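The structure appears below as structure tokens.
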Amino acid sequence: MNAIPADLPRMFRAEPKLAAVPTQPTAKTRETLPVEASIRTWSFIDSTTSKLQEVTCLQGCTVNHDGDRETPTHPYDVFCQTDPSQVHLPVAADGGEIEEFRILGTYIRQEPFSRNMHERVPHAQVEIIDSHFMEGLDPDGLAAVILSLEGQLAKFRQVHAQLAALREQGRVQL
């Protein structure tokens, strides 16, 4: 019997599908974020061309740009990033010591002067586990990651229900 117990904590219950994440986003289906009252803009002198460069910070950016405002600066060093979500879990590597690792963090990043064109627009970064990233995800790429993780989470819930049932059937005193 693989029935899910009624008193299962909320964090282990099935969540509704991510209906808000479109598979093919269009201008009509995208949600727009409210414009912040004080968008940060500054200028710096490019150390390679000696020209004045203007930067408008990514909405929601949490990077301290004090160093970027000083000159000389290499434009490709300038980046904006939102506050990363962080979850830490204990993980044992190769049967060794248990360590706390950051897992499944995500944030938005933009590098306005990057040599790679896809990094010049806002894109998502997903940190799988400490310093191991999926980079440069567009909205469709991030939606695919979310759907993959959602499927894996459903399997976690099945295993949890099965484990709880097996434990209930074979209760032993330790």
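Chain identifiers are assigned as A, B, and so on, following the order in which chains appear in the structure tokens; residues are numbered from 1 within each chain, and ligands are numbered from 1 in order of appearance.
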
Exercise. Could you pull the residues within 10 Å of A:Phe44, counting only C-alpha atoms, minus those fewer than 5 positions along the same chain, as an NGL selection string?
Worked result: :A and (50-55 or 68-75)

Exercise. If we count only C-alpha atoms, what is near A:Met134 at a cut-off of 9 Å, once residues fewer than 4 positions away on the same chain are taken out, given as a ChimeraX atom specification?
Worked result: /A:124-128

Output file for the residues above (N, CA, C and O atoms, as an mmCIF file, in the first residue's frame):
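The new file again.cif reads:
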```
data_model
loop_
_atom_site.group_PDB
_atom_site.id
_atom_site.type_symbol
_atom_site.label_atom_id
_atom_site.label_comp_id
_atom_site.auth_asym_id
_atom_site.auth_seq_id
_atom_site.Cartn_x
_atom_site.Cartn_y
_atom_site.Cartn_z
ATOM 1 N N ALA A 124 19.779 33.076 -15.872
ATOM 2 C CA ALA A 124 19.757 32.392 -14.581
ATOM 3 C C ALA A 124 21.000 31.529 -14.411
ATOM 4 O O ALA A 124 21.538 30.998 -15.383
ATOM 5 N N GLN A 125 21.434 31.424 -13.185
ATOM 6 C CA GLN A 125 22.503 30.512 -12.805
ATOM 7 C C GLN A 125 21.900 29.599 -11.733
ATOM 8 O O GLN A 125 21.200 30.070 -10.845
ATOM 9 N N VAL A 126 22.163 28.322 -11.824
ATOM 10 C CA VAL A 126 21.708 27.375 -10.811
ATOM 11 C C VAL A 126 22.944 26.687 -10.238
ATOM 12 O O VAL A 126 23.722 26.096 -10.981
ATOM 13 N N GLU A 127 23.118 26.819 -8.927
ATOM 14 C CA GLU A 127 24.234 26.142 -8.263
ATOM 15 C C GLU A 127 23.720 24.791 -7.791
ATOM 16 O O GLU A 127 22.904 24.707 -6.880
ATOM 17 N N ILE A 128 24.182 23.734 -8.432
ATOM 18 C CA ILE A 128 23.734 22.387 -8.095
ATOM 19 C C ILE A 128 24.243 22.013 -6.699
ATOM 20 O O ILE A 128 23.476 21.612 -5.839
#
```

Name the residues in contact with A:Arg120 at a cut-off of 7 Å, using only C-alpha atoms, excluding same-chain residues fewer than 6 positions from it; report them as a short mmCIF file (atom, residue, chain, number, x, y, z; two decimals) with C-alpha atoms, in the first residue's frame.
```cif
data_model
loop_
_atom_site.label_atom_id
_atom_site.label_comp_id
_atom_site.auth_asym_id
_atom_site.auth_seq_id
_atom_site.Cartn_x
_atom_site.Cartn_y
_atom_site.Cartn_z
CA GLN A 110 23.98 39.96 -16.12
CA GLU A 111 27.40 40.89 -17.44
CA PRO A 112 26.75 43.96 -19.62
CA PHE A 113 30.21 43.99 -21.25
CA SER A 114 30.85 40.24 -21.46
#
```

Seminar exercise, completed: Restricting to only C-alpha atoms, whichever of A:Val87, A:Cys57, A:Leu147, A:Val78 is closest to A:Arg115 is A:Val78

Problem set entry | stretch 45-171 of chain A: residues DSSP assigns to strand (DSSP E or B), reported as a count of residues only | 42

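For A:Arg102, the list of residues within 9 Å, based on only C-alpha atoms and with local chain neighbours fewer than 2 positions off taken out, reads A:Gln86, A:Val87, A:His88, A:Leu89, A:Glu100, A:Leu104, A:Gly105, A:Glu127, A:Ile128, A:Ile129, A:Asp130, A:Ser131.
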
Limited to C-alpha atoms, could you put the picked residues into a file as a PDB file, in the first residue's frame?
```pdb
ATOM      1  CA  GLN A  86      20.801  29.245  -0.427  1.00  0.00           C
ATOM      2  CA  VAL A  87      20.003  25.915   1.168  1.00  0.00           C
ATOM      3  CA  HIS A  88      22.622  23.992   3.131  1.00  0.00           C
ATOM      4  CA  LEU A  89      22.379  20.229   3.711  1.00  0.00           C
ATOM      5  CA  GLU A 100      27.444  21.167   4.989  1.00  0.00           C
ATOM      6  CA  LEU A 104      20.198  24.141  -5.493  1.00  0.00           C
ATOM      7  CA  GLY A 105      20.802  27.862  -5.215  1.00  0.00           C
ATOM      8  CA  GLU A 127      24.234  26.142  -8.263  1.00  0.00           C
ATOM      9  CA  ILE A 128      23.734  22.387  -8.095  1.00  0.00           C
ATOM     10  CA  ILE A 129      26.144  21.906  -5.193  1.00  0.00           C
ATOM     11  CA  ASP A 130      28.945  24.134  -3.852  1.00  0.00           C
ATOM     12  CA  SER A 131      30.622  25.835  -6.840  1.00  0.00           C
TER      13      SER A 131
END
```

Exercise. Which residue gives the smallest distance to A:Thr82 among A:His123, A:Leu137, A:Arg109, A:Arg40, with only C-alpha atoms counted?
Worked result: A:Arg109

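Backbone DSSP over stretch 54-128 of chain A gives helix (DSSP H, G or I) for Asp66, Gly67, Asp68, Arg69, Pro75, Tyr76, Asp77, Met117, His118 and Glu119 of chain A.
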
For this session: Mind giving me the straight-line distance from atom CA of A:Trp42 to atom CA of A:Asp66 in Å, one decimal?
Result: 9.9 Å

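Separating atom CA of A:Gly60 from atom CA of A:Asp83 is a distance of 7.9 Å.
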